[in-house]
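Coordinates as given in protein00.pdb (PDB, C-alpha atoms and all ligand atoms):
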ATOM      1  CA  MET G   1     118.552  89.109 132.166  1.00  0.00           C
ATOM      2  CA  TYR G   2     115.140  90.215 133.399  1.00  0.00           C
ATOM      3  CA  PHE G   3     113.652  93.232 135.065  1.00  0.00           C
ATOM      4  CA  LYS G   4     111.209  93.458 137.918  1.00  0.00           C
ATOM      5  CA  ALA G   5     108.663  96.205 138.195  1.00  0.00           C
ATOM      6  CA  GLN G   6     108.276  98.178 141.432  1.00  0.00           C
ATOM      7  CA  GLN G   7     104.541  98.655 140.905  1.00  0.00           C
ATOM      8  CA  PRO G   8     101.889  97.225 138.545  1.00  0.00           C
ATOM      9  CA  VAL G   9     102.558  97.979 134.883  1.00  0.00           C
ATOM     10  CA  ILE G  10      99.827  98.472 132.272  1.00  0.00           C
ATOM     11  CA  LEU G  11     100.345  98.579 128.526  1.00  0.00           C
ATOM     12  CA  ALA G  12      97.628 100.868 127.148  1.00  0.00           C
ATOM     13  CA  SER G  13      97.658  99.286 123.702  1.00  0.00           C
ATOM     14  CA  GLN G  14      95.738  96.732 121.673  1.00  0.00           C
ATOM     15  CA  SER G  15      98.809  96.080 119.521  1.00  0.00           C
ATOM     16  CA  PRO G  16     100.044  92.469 119.859  1.00  0.00           C
ATOM     17  CA  ARG G  17     103.471  93.651 118.612  1.00  0.00           C
ATOM     18  CA  ARG G  18     103.801  96.086 121.518  1.00  0.00           C
ATOM     19  CA  SER G  19     102.878  93.329 124.010  1.00  0.00           C
ATOM     20  CA  GLU G  20     105.498  90.986 122.544  1.00  0.00           C
ATOM     21  CA  LEU G  21     108.174  93.661 122.745  1.00  0.00           C
ATOM     22  CA  LEU G  22     107.326  94.593 126.344  1.00  0.00           C
ATOM     23  CA  GLU G  23     107.387  90.892 127.277  1.00  0.00           C
ATOM     24  CA  MET G  24     111.101  90.923 126.453  1.00  0.00           C
ATOM     25  CA  LEU G  25     111.740  92.783 129.727  1.00  0.00           C
ATOM     26  CA  GLY G  26     110.456  89.814 131.739  1.00  0.00           C
ATOM     27  CA  PHE G  27     107.986  91.367 134.209  1.00  0.00           C
ATOM     28  CA  ASP G  28     104.242  90.731 134.205  1.00  0.00           C
ATOM     29  CA  PHE G  29     101.988  93.489 132.960  1.00  0.00           C
ATOM     30  CA  ARG G  30      98.338  93.959 132.116  1.00  0.00           C
ATOM     31  CA  VAL G  31      97.034  95.082 128.746  1.00  0.00           C
ATOM     32  CA  ILE G  32      94.264  97.679 128.911  1.00  0.00           C
ATOM     33  CA  PRO G  33      93.793  99.398 125.539  1.00  0.00           C
ATOM     34  CA  SER G  34      92.542 102.965 125.634  1.00  0.00           C
ATOM     35  CA  LYS G  35      89.009 103.478 124.363  1.00  0.00           C
ATOM     36  CA  LYS G  36      89.574 107.180 123.637  1.00  0.00           C
ATOM     37  CA  GLU G  37      89.255 108.137 120.003  1.00  0.00           C
ATOM     38  CA  GLU G  38      92.597 109.227 118.568  1.00  0.00           C
ATOM     39  CA  PRO G  39      92.788 112.883 117.505  1.00  0.00           C
ATOM     40  CA  LYS G  40      92.907 113.808 113.819  1.00  0.00           C
ATOM     41  CA  PRO G  41      96.304 114.713 112.290  1.00  0.00           C
ATOM     42  CA  GLU G  42      94.873 117.932 110.768  1.00  0.00           C
ATOM     43  CA  GLN G  43      94.579 119.397 114.276  1.00  0.00           C
ATOM     44  CA  PHE G  44      98.374 119.371 114.711  1.00  0.00           C
ATOM     45  CA  GLN G  45     101.233 121.458 113.418  1.00  0.00           C
ATOM     46  CA  ASN G  46     103.363 118.492 112.430  1.00  0.00           C
ATOM     47  CA  ALA G  47     103.637 114.703 112.605  1.00  0.00           C
ATOM     48  CA  LEU G  48     105.740 114.719 115.768  1.00  0.00           C
ATOM     49  CA  ASN G  49     103.223 116.825 117.716  1.00  0.00           C
ATOM     50  CA  TYR G  50     100.493 114.525 116.476  1.00  0.00           C
ATOM     51  CA  VAL G  51     102.122 111.240 117.434  1.00  0.00           C
ATOM     52  CA  LEU G  52     103.220 112.549 120.849  1.00  0.00           C
ATOM     53  CA  ASN G  53      99.674 113.681 121.513  1.00  0.00           C
ATOM     54  CA  CYS G  54      98.199 110.307 120.510  1.00  0.00           C
ATOM     55  CA  ALA G  55     100.564 108.430 122.855  1.00  0.00           C
ATOM     56  CA  GLU G  56      99.714 110.890 125.628  1.00  0.00           C
ATOM     57  CA  VAL G  57      95.948 110.537 125.129  1.00  0.00           C
ATOM     58  CA  LYS G  58      96.144 106.712 125.293  1.00  0.00           C
ATOM     59  CA  ALA G  59      98.339 106.675 128.429  1.00  0.00           C
ATOM     60  CA  ALA G  60      96.315 109.390 130.217  1.00  0.00           C
ATOM     61  CA  ASP G  61      92.990 107.681 129.486  1.00  0.00           C
ATOM     62  CA  VAL G  62      94.117 104.439 131.154  1.00  0.00           C
ATOM     63  CA  ALA G  63      96.188 106.125 133.888  1.00  0.00           C
ATOM     64  CA  ILE G  64      93.250 108.100 135.252  1.00  0.00           C
ATOM     65  CA  LYS G  65      91.481 104.836 136.166  1.00  0.00           C
ATOM     66  CA  ASN G  66      94.720 103.203 137.399  1.00  0.00           C
ATOM     67  CA  PRO G  67      96.584 105.813 139.469  1.00  0.00           C
ATOM     68  CA  ASP G  68      98.766 103.206 141.221  1.00  0.00           C
ATOM     69  CA  ALA G  69     100.176 101.734 138.037  1.00  0.00           C
ATOM     70  CA  VAL G  70     102.901 102.645 135.569  1.00  0.00           C
ATOM     71  CA  VAL G  71     100.924 103.082 132.337  1.00  0.00           C
ATOM     72  CA  ILE G  72     102.609 102.956 128.927  1.00  0.00           C
ATOM     73  CA  GLY G  73     100.932 104.418 125.839  1.00  0.00           C
ATOM     74  CA  SER G  74     102.446 104.509 122.372  1.00  0.00           C
ATOM     75  CA  ASP G  75     101.668 105.572 118.836  1.00  0.00           C
ATOM     76  CA  THR G  76     103.348 104.934 115.482  1.00  0.00           C
ATOM     77  CA  VAL G  77     102.989 106.872 112.234  1.00  0.00           C
ATOM     78  CA  VAL G  78     104.666 106.736 108.845  1.00  0.00           C
ATOM     79  CA  VAL G  79     105.635 110.122 107.405  1.00  0.00           C
ATOM     80  CA  CYS G  80     106.381 110.630 103.711  1.00  0.00           C
ATOM     81  CA  ASP G  81     107.044 114.144 102.365  1.00  0.00           C
ATOM     82  CA  GLY G  82     105.441 115.547 105.514  1.00  0.00           C
ATOM     83  CA  GLU G  83     102.265 113.552 104.923  1.00  0.00           C
ATOM     84  CA  ILE G  84     101.136 111.322 107.782  1.00  0.00           C
ATOM     85  CA  LEU G  85     100.151 107.811 106.706  1.00  0.00           C
ATOM     86  CA  LEU G  86      98.014 106.052 109.302  1.00  0.00           C
ATOM     87  CA  LYS G  87      96.415 102.619 108.937  1.00  0.00           C
ATOM     88  CA  PRO G  88      94.845 102.378 105.475  1.00  0.00           C
ATOM     89  CA  GLU G  89      91.057 102.503 105.411  1.00  0.00           C
ATOM     90  CA  ASP G  90      90.712 100.162 102.441  1.00  0.00           C
ATOM     91  CA  LYS G  91      92.618  98.419  99.646  1.00  0.00           C
ATOM     92  CA  LYS G  92      92.609 101.522  97.453  1.00  0.00           C
ATOM     93  CA  GLN G  93      94.312 103.564 100.153  1.00  0.00           C
ATOM     94  CA  ALA G  94      96.777 100.756 100.959  1.00  0.00           C
ATOM     95  CA  ILE G  95      97.812 100.620  97.284  1.00  0.00           C
ATOM     96  CA  GLU G  96      98.117 104.419  97.216  1.00  0.00           C
ATOM     97  CA  TYR G  97     100.350 104.408 100.332  1.00  0.00           C
ATOM     98  CA  LEU G  98     102.629 101.665  98.995  1.00  0.00           C
ATOM     99  CA  HIS G  99     103.049 103.457  95.650  1.00  0.00           C
ATOM    100  CA  LYS G 100     104.024 106.549  97.619  1.00  0.00           C
ATOM    101  CA  LEU G 101     106.618 104.646  99.657  1.00  0.00           C
ATOM    102  CA  SER G 102     108.068 102.658  96.728  1.00  0.00           C
ATOM    103  CA  GLY G 103     111.707 103.262  95.761  1.00  0.00           C
ATOM    104  CA  ARG G 104     112.492 105.913  98.355  1.00  0.00           C
ATOM    105  CA  SER G 105     112.939 106.727 102.029  1.00  0.00           C
ATOM    106  CA  HIS G 106     110.344 107.707 104.621  1.00  0.00           C
ATOM    107  CA  GLU G 107     110.270 108.195 108.377  1.00  0.00           C
ATOM    108  CA  VAL G 108     108.558 106.122 111.007  1.00  0.00           C
ATOM    109  CA  ILE G 109     107.931 107.991 114.253  1.00  0.00           C
ATOM    110  CA  THR G 110     106.949 106.115 117.402  1.00  0.00           C
ATOM    111  CA  ALA G 111     106.061 108.157 120.470  1.00  0.00           C
ATOM    112  CA  VAL G 112     105.815 106.773 123.986  1.00  0.00           C
ATOM    113  CA  SER G 113     104.079 108.317 126.973  1.00  0.00           C
ATOM    114  CA  VAL G 114     104.493 106.872 130.474  1.00  0.00           C
ATOM    115  CA  LYS G 115     102.297 107.877 133.409  1.00  0.00           C
ATOM    116  CA  ALA G 116     102.832 106.907 137.050  1.00  0.00           C
ATOM    117  CA  GLY G 117     100.533 108.766 139.414  1.00  0.00           C
ATOM    118  CA  ASN G 118     101.623 112.398 139.319  1.00  0.00           C
ATOM    119  CA  SER G 119     104.820 111.744 137.362  1.00  0.00           C
ATOM    120  CA  GLY G 120     105.364 110.809 133.778  1.00  0.00           C
ATOM    121  CA  MET G 121     107.549 111.157 130.730  1.00  0.00           C
ATOM    122  CA  GLN G 122     107.381 111.267 126.968  1.00  0.00           C
ATOM    123  CA  PHE G 123     109.904 110.424 124.284  1.00  0.00           C
ATOM    124  CA  HIS G 124     109.991 109.425 120.654  1.00  0.00           C
ATOM    125  CA  GLU G 125     112.150 107.598 118.128  1.00  0.00           C
ATOM    126  CA  THR G 126     112.405 108.482 114.451  1.00  0.00           C
ATOM    127  CA  THR G 127     113.644 105.767 112.085  1.00  0.00           C
ATOM    128  CA  GLU G 128     114.422 106.209 108.411  1.00  0.00           C
ATOM    129  CA  VAL G 129     113.182 103.305 106.277  1.00  0.00           C
ATOM    130  CA  THR G 130     114.089 102.918 102.585  1.00  0.00           C
ATOM    131  CA  PHE G 131     111.953 100.784 100.266  1.00  0.00           C
ATOM    132  CA  PHE G 132     113.084  99.056  97.085  1.00  0.00           C
ATOM    133  CA  ASP G 133     111.058  99.814  93.967  1.00  0.00           C
ATOM    134  CA  LEU G 134     107.865  97.822  94.421  1.00  0.00           C
ATOM    135  CA  PRO G 135     106.458  96.011  91.382  1.00  0.00           C
ATOM    136  CA  ASP G 136     102.727  96.652  90.929  1.00  0.00           C
ATOM    137  CA  SER G 137     102.132  92.901  91.107  1.00  0.00           C
ATOM    138  CA  TRP G 138     103.754  92.752  94.584  1.00  0.00           C
ATOM    139  CA  ILE G 139     101.630  95.652  95.845  1.00  0.00           C
ATOM    140  CA  GLU G 140      98.521  93.971  94.448  1.00  0.00           C
ATOM    141  CA  ALA G 141      99.372  90.597  96.013  1.00  0.00           C
ATOM    142  CA  TYR G 142     100.265  92.120  99.390  1.00  0.00           C
ATOM    143  CA  THR G 143      97.170  94.311  99.632  1.00  0.00           C
ATOM    144  CA  ASN G 144      95.044  91.206  98.982  1.00  0.00           C
ATOM    145  CA  THR G 145      96.240  89.886 102.364  1.00  0.00           C
ATOM    146  CA  ASP G 146      95.020  91.119 105.778  1.00  0.00           C
ATOM    147  CA  ASP G 147      98.489  92.279 106.737  1.00  0.00           C
ATOM    148  CA  PRO G 148      98.545  95.987 105.748  1.00  0.00           C
ATOM    149  CA  TYR G 149      95.254  96.997 107.335  1.00  0.00           C
ATOM    150  CA  ASP G 150      96.221  97.205 111.006  1.00  0.00           C
ATOM    151  CA  LYS G 151      99.546  98.899 110.334  1.00  0.00           C
ATOM    152  CA  ALA G 152     100.570 102.511 109.856  1.00  0.00           C
ATOM    153  CA  GLY G 153     101.721 103.155 106.275  1.00  0.00           C
ATOM    154  CA  ALA G 154     100.107  99.863 105.131  1.00  0.00           C
ATOM    155  CA  TYR G 155     103.109  97.654 105.825  1.00  0.00           C
ATOM    156  CA  GLY G 156     104.801  95.696 108.593  1.00  0.00           C
ATOM    157  CA  ILE G 157     108.581  95.556 108.598  1.00  0.00           C
ATOM    158  CA  GLN G 158     108.329  92.362 110.686  1.00  0.00           C
ATOM    159  CA  THR G 159     106.018  90.531 108.254  1.00  0.00           C
ATOM    160  CA  LEU G 160     106.027  89.580 104.574  1.00  0.00           C
ATOM    161  CA  SER G 161     106.300  93.247 103.628  1.00  0.00           C
ATOM    162  CA  GLY G 162     109.741  93.262 105.247  1.00  0.00           C
ATOM    163  CA  LEU G 163     110.703  92.178 101.716  1.00  0.00           C
ATOM    164  CA  PHE G 164     109.962  95.756 100.593  1.00  0.00           C
ATOM    165  CA  VAL G 165     112.693  97.164 102.844  1.00  0.00           C
ATOM    166  CA  GLU G 166     116.120  97.908 101.373  1.00  0.00           C
ATOM    167  CA  LYS G 167     117.597  99.426 104.552  1.00  0.00           C
ATOM    168  CA  ILE G 168     116.766 101.169 107.790  1.00  0.00           C
ATOM    169  CA  ASN G 169     118.562 103.797 109.807  1.00  0.00           C
ATOM    170  CA  GLY G 170     117.422 103.718 113.425  1.00  0.00           C
ATOM    171  CA  ASP G 171     115.587 101.441 115.815  1.00  0.00           C
ATOM    172  CA  TYR G 172     113.911  98.412 114.167  1.00  0.00           C
ATOM    173  CA  ASN G 173     111.703  97.788 117.229  1.00  0.00           C
ATOM    174  CA  ALA G 174     110.425 101.366 117.108  1.00  0.00           C
ATOM    175  CA  VAL G 175     109.182 100.687 113.552  1.00  0.00           C
ATOM    176  CA  VAL G 176     107.422  97.544 114.802  1.00  0.00           C
ATOM    177  CA  GLY G 177     105.675  99.742 117.406  1.00  0.00           C
ATOM    178  CA  LEU G 178     107.705 100.131 120.618  1.00  0.00           C
ATOM    179  CA  PRO G 179     111.304 101.374 121.106  1.00  0.00           C
ATOM    180  CA  ILE G 180     111.902  98.805 123.794  1.00  0.00           C
ATOM    181  CA  ALA G 181     115.633  99.482 124.353  1.00  0.00           C
ATOM    182  CA  ARG G 182     115.108 103.168 125.061  1.00  0.00           C
ATOM    183  CA  LEU G 183     111.936 102.425 127.053  1.00  0.00           C
ATOM    184  CA  ALA G 184     113.807  99.964 129.319  1.00  0.00           C
ATOM    185  CA  ARG G 185     116.480 102.600 130.003  1.00  0.00           C
ATOM    186  CA  LYS G 186     113.909 105.296 130.748  1.00  0.00           C
ATOM    187  CA  LEU G 187     111.855 103.050 133.070  1.00  0.00           C
ATOM    188  CA  SER G 188     115.039 101.986 134.845  1.00  0.00           C
ATOM    189  CA  ASP G 189     116.367 105.565 135.184  1.00  0.00           C
ATOM    190  CA  ALA G 190     113.022 106.589 136.694  1.00  0.00           C
ATOM    191  CA  GLY G 191     113.235 103.706 139.199  1.00  0.00           C
ATOM    192  CA  TRP G 192     110.065 102.033 137.922  1.00  0.00           C
ATOM    193  CA  ILE G 193     111.897  98.831 136.989  1.00  0.00           C
ATOM    194  CA  SER G 194     115.164  97.270 138.120  1.00  0.00           C
ATOM    195  CA  LEU G 195     117.266  94.278 137.177  1.00  0.00           C
ATOM    196  CA  SER G 196     116.213  90.996 138.688  1.00  0.00           C
ATOM    197  CA  GLY G 197     118.293  87.794 138.928  1.00  0.00           C
ATOM    198  CA  SER G 198     115.458  85.752 137.468  1.00  0.00           C
ATOM    199  CA  ARG G 199     111.941  86.166 136.132  1.00  0.00           C
ATOM    200  CA  VAL G 200     109.861  87.676 138.953  1.00  0.00           C
ATOM    201  CA  GLU G 201     106.148  88.351 139.141  1.00  0.00           C
ATOM    202  CA  CYS G 202     105.130  91.748 140.432  1.00  0.00           C
TER     203      CYS G 202
HETATM  204  C1  LIG G 301     105.312 100.812 110.197  1.00  0.00           C
HETATM  205  C2  LIG G 301     104.793  99.662 111.004  1.00  0.00           C
HETATM  206  C3  LIG G 301     103.703  99.800 111.851  1.00  0.00           C
HETATM  207  N1  LIG G 301     103.240  98.739 112.573  1.00  0.00           N
HETATM  208  C4  LIG G 301     102.078  98.868 113.461  1.00  0.00           C
HETATM  209  C5  LIG G 301     102.429  99.272 114.901  1.00  0.00           C
HETATM  210  C6  LIG G 301     101.094  99.735 115.438  1.00  0.00           C
HETATM  211  O1  LIG G 301     100.405  98.596 116.007  1.00  0.00           O
HETATM  212  C7  LIG G 301     100.350 100.217 114.196  1.00  0.00           C
HETATM  213  C8  LIG G 301     100.114 101.715 114.216  1.00  0.00           C
HETATM  214  O2  LIG G 301      98.930 101.981 114.898  1.00  0.00           O
HETATM  215  P1  LIG G 301      98.844 102.660 116.334  1.00  0.00           P
HETATM  216  O3  LIG G 301      97.640 103.548 116.314  1.00  0.00           O
HETATM  217  O4  LIG G 301     100.158 103.246 116.715  1.00  0.00           O
HETATM  218  O5  LIG G 301      98.593 101.431 117.320  1.00  0.00           O
HETATM  219  P2  LIG G 301      97.413 100.382 117.374  1.00  0.00           P
HETATM  220  O6  LIG G 301      96.108 100.980 116.935  1.00  0.00           O
HETATM  221  O7  LIG G 301      97.869  99.114 116.683  1.00  0.00           O
HETATM  222  O8  LIG G 301      97.343 100.048 118.921  1.00  0.00           O
HETATM  223  P3  LIG G 301      96.986 101.089 120.127  1.00  0.00           P
HETATM  224  O9  LIG G 301      96.464 102.371 119.538  1.00  0.00           O
HETATM  225  O10 LIG G 301      95.967 100.389 120.968  1.00  0.00           O
HETATM  226  O11 LIG G 301      98.295 101.267 120.867  1.00  0.00           O
HETATM  227  O12 LIG G 301     101.179  99.878 113.059  1.00  0.00           O
HETATM  228  C9  LIG G 301     103.854  97.487 112.478  1.00  0.00           C
HETATM  229  O13 LIG G 301     103.416  96.521 113.123  1.00  0.00           O
HETATM  230  N2  LIG G 301     104.945  97.345 111.668  1.00  0.00           N
HETATM  231  C10 LIG G 301     105.453  98.365 110.911  1.00  0.00           C
HETATM  232  O14 LIG G 301     106.456  98.169 110.187  1.00  0.00           O
END
As structure tokens, how would this structure be written, given the file I've shared?
Amino acid sequence: MYFKAQQPVILASQSPRRSELLEMLGFDFRVIPSKKEEPKPEQFQNALNYVLNCAEVKAADVAIKNPDAVVIGSDTVVVCDGEILLKPEDKKQAIEYLHKLSGRSHEVITAVSVKAGNSGMQFHETTEVTFFDLPDSWIEAYTNTDDPYDKAGAYGIQTLSGLFVEKINGDYNAVVGLPIARLARKLSDAGWISLSGSRVEC
């Protein structure tokens, strides 16, 4: 089962995980990451406002130069006790984040913003992720790899640090970076994509 797109589609993201997830839908798309600096969390009332705004900024930045395309922007944050954990700046911060997340539950919020000329939409998914207790030696070994440093909260559920995860409640793909099931429904409802018998280039 594949979808075809009614107009060019652009993924406004440098994240290889988001590209892989969007590829599941079967249509061709271009990747044009936004160059806009992301806002700072302190400027926002809460994590949800923040993540929605980041997704919006990325999509709008690329959409303005590509008014004929459907542009998809997204942002993912980890939230623990109301504190927003972005990508760790260094090993010290990665260790700090993982100690915070150890042995308890946190939320992962992924926001998506879609722009298509004068129309657009926004939505988000919140997923509850519970970590096992993490031995210090595991945190040390993991933060010595490259893996945590390009990921919100200093872990990737889809990589080695998936071993930290006891259970999740919600959309796994949204934790990885793009809630592809909901996105496919929204794009289809808006008429921007439709089912195709076979893989079709747009
Ligand atoms: C929690 C978690 C996050 N992540 C990733 C998804 C995102 O790529 C990243 C959060 O950073 P984002 O700022 O959302 O995205 P990005 O900088 O990678 O890409 P862009 O801004 O161009 O869209 O963390 C995982 O890969 N696995 C996980 O389990």
Review point. Taking into account only C-alpha atoms, which residue in the set G:Leu85, G:Leu178, G:Ala141, G:Val79 is nearest to Leu48 (chain G)?
Key: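 For Leu48 (chain G), the nearest of the candidates is G:Val79.
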Exercise for review: Find the residues around region 26-42 of chain G up to 7 Å (all atoms listed in the file counted), leave out those fewer than 4 positions away in its own chain, and share them as a PyMOL selection string.
Suggested key: chain G and resi 2-5+8-14+50+54+58+61-62+199-202
Point to revise | Matched chain/residue IDs from the PyMOL selection byres (((not hetatm)) within 7 of (chain G and resi 301)), as JSON, numbers by chain | key: {"G": [12, 13, 14, 15, 17, 18, 33, 34, 73, 74, 75, 76, 77, 78, 86, 87, 108, 150, 151, 152, 153, 155, 156, 157, 158, 175, 176, 177]}
Convert the current residue selection to file output with C-alpha atoms, as an mmCIF file, keeping the file's coordinate frame.
data_model
loop_
_atom_site.group_PDB
_atom_site.id
_atom_site.type_symbol
_atom_site.label_atom_id
_atom_site.label_comp_id
_atom_site.auth_asym_id
_atom_site.auth_seq_id
_atom_site.Cartn_x
_atom_site.Cartn_y
_atom_site.Cartn_z
ATOM 1 C CA ALA G 12 97.628 100.868 127.148
ATOM 2 C CA SER G 13 97.658 99.286 123.702
ATOM 3 C CA GLN G 14 95.738 96.732 121.673
ATOM 4 C CA SER G 15 98.809 96.080 119.521
ATOM 5 C CA ARG G 17 103.471 93.651 118.612
ATOM 6 C CA ARG G 18 103.801 96.086 121.518
ATOM 7 C CA PRO G 33 93.793 99.398 125.539
ATOM 8 C CA SER G 34 92.542 102.965 125.634
ATOM 9 C CA GLY G 73 100.932 104.418 125.839
ATOM 10 C CA SER G 74 102.446 104.509 122.372
ATOM 11 C CA ASP G 75 101.668 105.572 118.836
ATOM 12 C CA THR G 76 103.348 104.934 115.482
ATOM 13 C CA VAL G 77 102.989 106.872 112.234
ATOM 14 C CA VAL G 78 104.666 106.736 108.845
ATOM 15 C CA LEU G 86 98.014 106.052 109.302
ATOM 16 C CA LYS G 87 96.415 102.619 108.937
ATOM 17 C CA VAL G 108 108.558 106.122 111.007
ATOM 18 C CA ASP G 150 96.221 97.205 111.006
ATOM 19 C CA LYS G 151 99.546 98.899 110.334
ATOM 20 C CA ALA G 152 100.570 102.511 109.856
ATOM 21 C CA GLY G 153 101.721 103.155 106.275
ATOM 22 C CA TYR G 155 103.109 97.654 105.825
ATOM 23 C CA GLY G 156 104.801 95.696 108.593
ATOM 24 C CA ILE G 157 108.581 95.556 108.598
ATOM 25 C CA GLN G 158 108.329 92.362 110.686
ATOM 26 C CA VAL G 175 109.182 100.687 113.552
ATOM 27 C CA VAL G 176 107.422 97.544 114.802
ATOM 28 C CA GLY G 177 105.675 99.742 117.406
#
**Study point:** Spatial neighbours of region 114-118 of chain G, 10 Å, all atoms listed in the file, chain gap at least 3 places, as a PyMOL selection string
**Key:** chain G and resi 7-12+55-56+58-60+62-64+66-74+121-123+183+186-187+192
Point to revise | CA of Gln6 (chain G) to CA of Ile193 (chain G), straight-line distance in Å | key: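 Between CA of Ile193 (chain G) and CA of Gln6 (chain G) the gap is 5.8 Å.
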Leaving out His99 (chain G) and any residue of its chain fewer than 3 positions from it, which residues lie within 12 Å of it when counting all atoms listed in the file, given as an mmCIF file with C-alpha atoms, keeping the file's coordinate frame?
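Result file is selection-v2.cif:
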data_model
loop_
_atom_site.group_PDB
_atom_site.id
_atom_site.type_symbol
_atom_site.label_atom_id
_atom_site.label_comp_id
_atom_site.auth_asym_id
_atom_site.auth_seq_id
_atom_site.Cartn_x
_atom_site.Cartn_y
_atom_site.Cartn_z
ATOM 1 C CA CYS G 80 106.381 110.630 103.711
ATOM 2 C CA LYS G 92 92.609 101.522 97.453
ATOM 3 C CA GLN G 93 94.312 103.564 100.153
ATOM 4 C CA ALA G 94 96.777 100.756 100.959
ATOM 5 C CA ILE G 95 97.812 100.620 97.284
ATOM 6 C CA GLU G 96 98.117 104.419 97.216
ATOM 7 C CA SER G 102 108.068 102.658 96.728
ATOM 8 C CA GLY G 103 111.707 103.262 95.761
ATOM 9 C CA ARG G 104 112.492 105.913 98.355
ATOM 10 C CA PHE G 131 111.953 100.784 100.266
ATOM 11 C CA PHE G 132 113.084 99.056 97.085
ATOM 12 C CA ASP G 133 111.058 99.814 93.967
ATOM 13 C CA LEU G 134 107.865 97.822 94.421
ATOM 14 C CA PRO G 135 106.458 96.011 91.382
ATOM 15 C CA ASP G 136 102.727 96.652 90.929
ATOM 16 C CA SER G 137 102.132 92.901 91.107
ATOM 17 C CA TRP G 138 103.754 92.752 94.584
ATOM 18 C CA ILE G 139 101.630 95.652 95.845
ATOM 19 C CA GLU G 140 98.521 93.971 94.448
ATOM 20 C CA THR G 143 97.170 94.311 99.632
ATOM 21 C CA GLY G 153 101.721 103.155 106.275
ATOM 22 C CA ALA G 154 100.107 99.863 105.131
ATOM 23 C CA TYR G 155 103.109 97.654 105.825
ATOM 24 C CA PHE G 164 109.962 95.756 100.593
#
Exercise for review: Take CA of Asn53 (chain G) and CA of Lys167 (chain G) and report the distance between them in Å, one decimal.
Suggested key: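 Between CA of Asn53 (chain G) and CA of Lys167 (chain G) the gap works out to 28.5 Å.
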Practice item. Mind giving me the straight-line distance from CA of Leu52 (chain G) to CA of Ile168 (chain G) in Å, one decimal? Key: 22.0 Å
Review point. Smallest atom-to-atom distance to Asp171 (chain G): which of G:Ser196, G:Lys91, G:Met24, G:Thr110, using all atoms listed in the file?
Key: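 Counting all atoms listed in the file, the residue closest to Asp171 (chain G) is G:Thr110.
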**Study point:** Which residue of G:Leu163, G:Asn173, G:Leu25, G:Tyr149 approaches Ser188 (chain G) most closely, using all atoms listed in the file
**Key:**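 Checking each candidate against Ser188 (chain G), we get G:Leu25 as the closest.
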Check your understanding: Do you know which residues are at most 10 Å from Asp81 (chain G) counting all atoms listed in the file, after dropping those on the same chain fewer than 6 positions away, and could you put them as a list of chain:residue names?
Key ->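 After dropping sequence-adjacent residues, the list is G:Lys100, G:Leu101, G:Ser105, G:His106, G:Glu107.
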Practice item. Given the file shown, determine the residues that the PyMOL selection byres (((chain G and resi 170) around 8) and not hetatm) selects; report them as a list in words. Key: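 After applying the PyMOL selection byres (((chain G and resi 170) around 8) and not hetatm), what remains is Thr126, Thr127, Glu128, Ile168, Asn169, Asp171 and Tyr172 of chain G.
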With all atoms of region 170-175 of chain G from the file as input, state the centre and edge lengths in Å to one decimal of the axis-aligned box that has 3 Å extra on each side, as JSON.
{"center_x": 113.3, "center_y": 100.8, "center_z": 115.3, "size_x": 14.2, "size_y": 11.9, "size_z": 9.8}
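Closest approach to Ile180 (chain G) from the set G:His124, G:Met1, G:Pro88, G:Glu166 is made by G:His124, with distances taken over all atoms listed in the file.
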Check your understanding: Pick from G:Arg182, G:Ile84, G:Glu23, G:Thr159: nearest to Glu125 (chain G), with all atoms listed in the file counted?
Key -> G:Arg182
